[in-house]
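**Student:** Have a look at this one.
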Amino acid sequence: MALLKAFIVPHPPIIIPEIGRGEERKISNTIQAFHTIAKEINALKPETIIIISPHAKAYSDCFSLPLCDRAEGTFRDFGASQVKLNVSYNQPLIKSIVHNSNKMGIDIYSQVIQKDSLDHGTMVPLYFIHQYNQDFSVVRIPLSGLSSEIHYKLGQSIRKAIDDTNQKVVIIASGDLSHKLKKDGPYGLSKEGPLFDQEITEAMAKGDFLKLMTMDEDFCYQAAECGRRSFIIMAGILDGYSVASKLLSYEGPFGVGYAVAEFEPLNKDESRHFLNVYETQLIETAQLRKNNEDSYVQLARNSLENYVLTNKTIKVPEGLPSEMLKQKAGVFVSLKIAGALRGCIGTTGPTTENIATEIIQNAISAGLKDPRFSPVEMNELGKITYSVDVLGKAEAIQSKAELDPIRYGVIVRYLYKSGLLLPNLEGVDTVEEQLSIALRKAGIKESEPYSIQRFEVIRHY
């Protein structure tokens, strides 16, 4: 079998002695686990190591693989410029990954450059592996802003490329866990942090790759996790195979979770094609929501679905509540898949003759014109859940004390710039957070004399 083994590892720079200067001894179990897998990789004698890193150069709407002969890096940004690493890249395997991914409809491209720069998510595992073996080439895989489903599919295309080139390959999925485990940690504590680490390490120990994919996106965001999409790509590489899994270590003394795990592919197992199960669950979840939609959300769904299928805008249907036909208001339509935002477009005030036409207009725009996302495609329609926010009239306020991020949305303005943030959003718990995000969206500096308006919304799910 060309694929020898896969490993999950963390990438804390403090684990490097030249950086930790003794602090690394607080994560001695992680260090011991790193040496264990480095020795094992040396015994396996892989021709290529594929490292999946959350800190490689990433794009929101695609994957990018540099095409060059070599890469190098140092830990200069962490005060240890003397620690240097050099690797050779496996260009034929990179080309095969790009070819197979494009055939599967994954947005991925390769760019010819002279030399690549390694990130610490790649260098930390290589630091330990190089102590035992340097006789291998490397392929570095970045993440993207795309869905868990697409990351899993990328893993499948990588597996196809491994099989096509018939090389002996080891996979390293680099990624830390929650960054919010301790009040005195660098990122503080959230209740989701320890829970996330417990759930994901249990999944590692059991080889439960479906769990990696189906964890709620908002829950993962609140936990400030780092590596889950790396692990999902790894799961895609192991698609359709039973695995012998082992959790080698877990620690979090600095407020960030570090886990080391190994996975040995065994026999083909049709029950472990997790993408099919995952997609079925998404459709079932969306259908349950659809069964309970009110007229506002139903109109948003029908508007987008009809436009994607026919390229035509629907007419206002009969039988809508009178307020949708007689009242005017600004409306925001939000789309999500598996709890992750898939599009959101809205108007701060009425721009059409009534709320119904406002919903129709903004639902289509949310699916097709949100610049942060590619247009919604036909095969996604059954997985999308919708919400519609109908905005009340905005009113000027003089003080932050008049804001409440749960009750009120906020609009900030300075000169020609403006930014809006809806109320009652996951992860926005304070007025300061609400204003900071709104200002950042508007491109307004906190030191500039901006004005503030607040508004209430009626949210329809």
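Every chain in the structure tokens has a letter given in the order shown (A, B, ...), and although residue numbers restart at 1 in each chain, ligands are simply numbered from 1 in the order shown.
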Could you give me, as a ChimeraX atom specification, the residues within 7 Å of region 341-353 of chain A, counting only C-alpha atoms and dropping anything in the same chain fewer than 4 positions from it?
**Tutor:** /A:328-337,357-358,362,365-367,370,373
**Student:** With only C-alpha atoms as the counted atoms, please give the residues lying no more than 6 Å from region 246-261 of chain A, apart from itself and same-chain residues fewer than 3 positions off, as a list in words.
**Tutor:**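 Close residues of region 246-261 of chain A: Phe7, Ile8, Val9, Pro10, Asp176, Leu177, Ser178, His179, Lys180, Leu181, Lys182, Gly185 and Ala205 of chain A.
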**Student:** Now that the selection is made, can you save its residues with N, CA and C atoms as a PDB file, in the first residue's frame?
**Tutor:**
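File written: again_11.pdb
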```pdb
ATOM      1  N   PHE A   7      -0.560  10.875  10.697  1.00  0.00           N
ATOM      2  CA  PHE A   7      -0.379  11.358  12.069  1.00  0.00           C
ATOM      3  C   PHE A   7      -1.021  12.734  12.220  1.00  0.00           C
ATOM      4  N   ILE A   8      -1.613  12.958  13.379  1.00  0.00           N
ATOM      5  CA  ILE A   8      -2.033  14.293  13.791  1.00  0.00           C
ATOM      6  C   ILE A   8      -1.015  14.805  14.798  1.00  0.00           C
ATOM      7  N   VAL A   9      -0.537  16.037  14.572  1.00  0.00           N
ATOM      8  CA  VAL A   9       0.448  16.632  15.481  1.00  0.00           C
ATOM      9  C   VAL A   9       0.116  18.106  15.698  1.00  0.00           C
ATOM     10  N   PRO A  10       0.554  18.675  16.827  1.00  0.00           N
ATOM     11  CA  PRO A  10       0.417  20.117  17.036  1.00  0.00           C
ATOM     12  C   PRO A  10       1.637  20.845  16.477  1.00  0.00           C
ATOM     13  N   ASP A 176      -3.136  22.669  16.023  1.00  0.00           N
ATOM     14  CA  ASP A 176      -3.443  22.718  17.445  1.00  0.00           C
ATOM     15  C   ASP A 176      -4.950  22.570  17.636  1.00  0.00           C
ATOM     16  N   LEU A 177      -5.357  22.371  18.883  1.00  0.00           N
ATOM     17  CA  LEU A 177      -6.779  22.242  19.184  1.00  0.00           C
ATOM     18  C   LEU A 177      -7.305  23.593  19.681  1.00  0.00           C
ATOM     19  N   SER A 178      -8.113  23.631  20.728  1.00  0.00           N
ATOM     20  CA  SER A 178      -8.661  24.898  21.192  1.00  0.00           C
ATOM     21  C   SER A 178      -7.562  25.807  21.738  1.00  0.00           C
ATOM     22  N   HIS A 179      -7.729  27.110  21.490  1.00  0.00           N
ATOM     23  CA  HIS A 179      -6.825  28.106  22.047  1.00  0.00           C
ATOM     24  C   HIS A 179      -7.418  28.793  23.277  1.00  0.00           C
ATOM     25  N   LYS A 180      -8.537  28.274  23.791  1.00  0.00           N
ATOM     26  CA  LYS A 180      -9.217  28.933  24.901  1.00  0.00           C
ATOM     27  C   LYS A 180      -9.486  27.946  26.033  1.00  0.00           C
ATOM     28  N   LEU A 181      -8.400  27.470  26.637  1.00  0.00           N
ATOM     29  CA  LEU A 181      -8.518  26.461  27.696  1.00  0.00           C
ATOM     30  C   LEU A 181      -8.332  27.016  29.095  1.00  0.00           C
ATOM     31  N   LYS A 182      -7.720  28.215  29.228  1.00  0.00           N
ATOM     32  CA  LYS A 182      -7.392  28.724  30.549  1.00  0.00           C
ATOM     33  C   LYS A 182      -7.616  30.227  30.614  1.00  0.00           C
ATOM     34  N   GLY A 185      -4.458  31.969  30.001  1.00  0.00           N
ATOM     35  CA  GLY A 185      -3.797  31.663  28.745  1.00  0.00           C
ATOM     36  C   GLY A 185      -3.802  32.866  27.823  1.00  0.00           C
ATOM     37  N   ALA A 205      -9.052   9.107  19.139  1.00  0.00           N
ATOM     38  CA  ALA A 205      -8.779   7.805  19.740  1.00  0.00           C
ATOM     39  C   ALA A 205      -9.591   6.697  19.079  1.00  0.00           C
TER      40      ALA A 205
END
```
**Student:** What are the closest atom pairs, with distances in Å to one decimal, for all residues of region 194-269 of chain A lying within 10 Å of region 415-431 of chain A? Consider only C-alpha atoms, order rows by chain and residue number, and present the result as a tab-separated table.
**Tutor:**
```
residue	atom	partner	partner_atom	distance
A:Asp218	CA	A:Glu426	CA	6.8
A:Phe219	CA	A:Glu426	CA	9.0
A:Tyr221	CA	A:Gly427	CA	7.8
A:Gln222	CA	A:Gly427	CA	6.2
A:Ala223	CA	A:Gly427	CA	9.9
```
**Student:** Please list as an MDAnalysis selection string every residue within 10 Å of Ser174 (chain A), counting only C-alpha atoms and excluding residues in the same chain fewer than 2 positions away.
**Tutor:** chainID A and resid 7:11 51:55 120:125 171:172 176 226:231 234 259:260
**Student:** DSSP on the backbone: what in region 225-446 of chain A comes out strand (DSSP E), as JSON, numbers by chain?
**Tutor:** {"A": [241, 242, 243, 244, 245, 246, 247, 248, 249, 250, 251, 258, 259, 260, 261, 262, 263, 264, 265, 266, 267, 268, 331, 332, 333, 334, 335, 336, 337, 340, 341, 342, 343, 344, 345, 346, 385, 386, 387, 388, 389, 390, 391, 395, 396, 397, 409, 410, 411, 412, 413, 414, 417, 418, 419, 420, 421]}
**Student:** Can you list, as a VMD selection string, every protein, DNA or RNA residue that comes within 8 Å of region 126-130 of chain A when you count only C-alpha atoms, leaving out same-chain residues fewer than 6 positions away?
**Tutor:** chain A and resid 34 to 35 38 to 39 41 to 42 85
**Student:** Find the residue from A:Ile444, A:Ile359, A:Val457, A:Val112 that sits nearest to Ala394 (chain A); use only C-alpha atoms when measuring.
**Tutor:**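 Under the stated criterion, the closest residue is A:Val457.
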**Student:** Write out as a PyMOL selection string all residues of region 46-223 of chain A that DSSP puts in helix (DSSP H, G or I) for this structure's backbone.
**Tutor:** chain A and resi 76-78+91-103+120-129+148-165+192-206+209-214+217-223
**Student:** For the residues in the current selection, export C-alpha atoms as a PDB file, in the first residue's frame.
**Tutor:**
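Okay, out_36.pdb is ready:
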```
ATOM      1  CA  ARG A  76      13.207  33.916  13.110  1.00  0.00           C
ATOM      2  CA  ASP A  77       9.726  35.227  13.967  1.00  0.00           C
ATOM      3  CA  PHE A  78       9.973  33.322  17.259  1.00  0.00           C
ATOM      4  CA  GLN A  91       6.710  18.229  -8.062  1.00  0.00           C
ATOM      5  CA  PRO A  92       5.232  15.183  -9.864  1.00  0.00           C
ATOM      6  CA  LEU A  93       3.005  14.432  -6.848  1.00  0.00           C
ATOM      7  CA  ILE A  94       1.962  18.091  -6.585  1.00  0.00           C
ATOM      8  CA  LYS A  95       0.984  18.108 -10.262  1.00  0.00           C
ATOM      9  CA  SER A  96      -0.970  14.887  -9.816  1.00  0.00           C
ATOM     10  CA  ILE A  97      -2.852  16.352  -6.814  1.00  0.00           C
ATOM     11  CA  VAL A  98      -3.773  19.458  -8.813  1.00  0.00           C
ATOM     12  CA  HIS A  99      -4.857  17.350 -11.798  1.00  0.00           C
ATOM     13  CA  ASN A 100      -7.040  15.019  -9.739  1.00  0.00           C
ATOM     14  CA  SER A 101      -8.529  17.882  -7.721  1.00  0.00           C
ATOM     15  CA  ASN A 102      -9.507  19.794 -10.834  1.00  0.00           C
ATOM     16  CA  LYS A 103     -11.163  16.665 -12.221  1.00  0.00           C
ATOM     17  CA  HIS A 120       5.782  27.008  11.528  1.00  0.00           C
ATOM     18  CA  GLY A 121       2.872  24.583  11.116  1.00  0.00           C
ATOM     19  CA  THR A 122       5.154  22.703   8.740  1.00  0.00           C
ATOM     20  CA  MET A 123       8.498  23.306  10.422  1.00  0.00           C
ATOM     21  CA  VAL A 124       7.638  22.129  13.945  1.00  0.00           C
ATOM     22  CA  PRO A 125       6.919  18.511  12.901  1.00  0.00           C
ATOM     23  CA  LEU A 126       9.835  18.568  10.444  1.00  0.00           C
ATOM     24  CA  TYR A 127      12.148  19.694  13.245  1.00  0.00           C
ATOM     25  CA  PHE A 128      11.589  16.373  15.032  1.00  0.00           C
ATOM     26  CA  ILE A 129      11.419  14.188  11.916  1.00  0.00           C
ATOM     27  CA  SER A 148     -15.544  20.796   5.432  1.00  0.00           C
ATOM     28  CA  GLU A 149     -17.000  18.854   2.515  1.00  0.00           C
ATOM     29  CA  ILE A 150     -14.523  20.411   0.062  1.00  0.00           C
ATOM     30  CA  HIS A 151     -11.580  19.782   2.404  1.00  0.00           C
ATOM     31  CA  TYR A 152     -12.602  16.117   2.641  1.00  0.00           C
ATOM     32  CA  LYS A 153     -12.837  15.928  -1.158  1.00  0.00           C
ATOM     33  CA  LEU A 154      -9.352  17.424  -1.425  1.00  0.00           C
ATOM     34  CA  GLY A 155      -8.173  14.558   0.786  1.00  0.00           C
ATOM     35  CA  GLN A 156      -9.790  12.088  -1.603  1.00  0.00           C
ATOM     36  CA  SER A 157      -7.991  13.668  -4.559  1.00  0.00           C
ATOM     37  CA  ILE A 158      -4.683  13.509  -2.668  1.00  0.00           C
ATOM     38  CA  ARG A 159      -5.245   9.797  -2.039  1.00  0.00           C
ATOM     39  CA  LYS A 160      -5.901   9.256  -5.760  1.00  0.00           C
ATOM     40  CA  ALA A 161      -2.639  11.060  -6.573  1.00  0.00           C
ATOM     41  CA  ILE A 162      -0.733   8.919  -4.050  1.00  0.00           C
ATOM     42  CA  ASP A 163      -2.112   5.751  -5.623  1.00  0.00           C
ATOM     43  CA  ASP A 164      -1.416   7.015  -9.159  1.00  0.00           C
ATOM     44  CA  THR A 165       2.240   7.825  -8.421  1.00  0.00           C
ATOM     45  CA  GLU A 192     -16.452  25.556  24.490  1.00  0.00           C
ATOM     46  CA  GLY A 193     -12.645  25.196  24.620  1.00  0.00           C
ATOM     47  CA  PRO A 194     -12.270  22.203  26.979  1.00  0.00           C
ATOM     48  CA  LEU A 195     -15.408  20.591  25.524  1.00  0.00           C
ATOM     49  CA  PHE A 196     -14.023  20.853  22.011  1.00  0.00           C
ATOM     50  CA  ASP A 197     -10.731  19.247  23.035  1.00  0.00           C
ATOM     51  CA  GLN A 198     -12.533  16.435  24.831  1.00  0.00           C
ATOM     52  CA  GLU A 199     -14.768  15.669  21.862  1.00  0.00           C
ATOM     53  CA  ILE A 200     -12.064  15.839  19.206  1.00  0.00           C
ATOM     54  CA  THR A 201      -9.502  13.769  21.137  1.00  0.00           C
ATOM     55  CA  GLU A 202     -12.170  11.112  21.721  1.00  0.00           C
ATOM     56  CA  ALA A 203     -12.775  11.121  17.962  1.00  0.00           C
ATOM     57  CA  MET A 204      -9.040  10.723  17.343  1.00  0.00           C
ATOM     58  CA  ALA A 205      -8.779   7.805  19.740  1.00  0.00           C
ATOM     59  CA  LYS A 206     -11.688   6.021  18.043  1.00  0.00           C
ATOM     60  CA  PHE A 209     -13.652  10.834  11.230  1.00  0.00           C
ATOM     61  CA  LEU A 210     -17.352  11.569  10.777  1.00  0.00           C
ATOM     62  CA  LYS A 211     -17.273  13.379  14.112  1.00  0.00           C
ATOM     63  CA  LEU A 212     -14.512  15.644  12.798  1.00  0.00           C
ATOM     64  CA  MET A 213     -16.787  16.742   9.967  1.00  0.00           C
ATOM     65  CA  THR A 214     -20.058  17.109  11.830  1.00  0.00           C
ATOM     66  CA  GLU A 217     -19.117  25.285  13.141  1.00  0.00           C
ATOM     67  CA  ASP A 218     -20.179  27.897  15.703  1.00  0.00           C
ATOM     68  CA  PHE A 219     -19.018  25.597  18.510  1.00  0.00           C
ATOM     69  CA  CYS A 220     -15.630  25.219  16.813  1.00  0.00           C
ATOM     70  CA  TYR A 221     -15.382  28.982  16.322  1.00  0.00           C
ATOM     71  CA  GLN A 222     -16.112  29.673  19.978  1.00  0.00           C
ATOM     72  CA  ALA A 223     -13.400  27.158  20.930  1.00  0.00           C
TER      73      ALA A 223
END
```
**Student:** In Å, rounded to a single decimal, give me how far CA of Phe263 (chain A) is from CA of Pro66 (chain A).
**Tutor:**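 Going from CA of Pro66 (chain A) over to CA of Phe263 (chain A) covers 27.3 Å.
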**Student:** Could you check which of A:Ser28, A:Thr385, A:Thr48, A:Asn90 is closest to Asn291 (chain A), using only C-alpha atoms?
**Tutor:** A:Thr385
**Student:** When you draw a straight line from CA of Arg454 (chain A) to CA of Ile411 (chain A), how long is it in Å?
**Tutor:**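 Computing it gives 6.2 Å between the two atoms.
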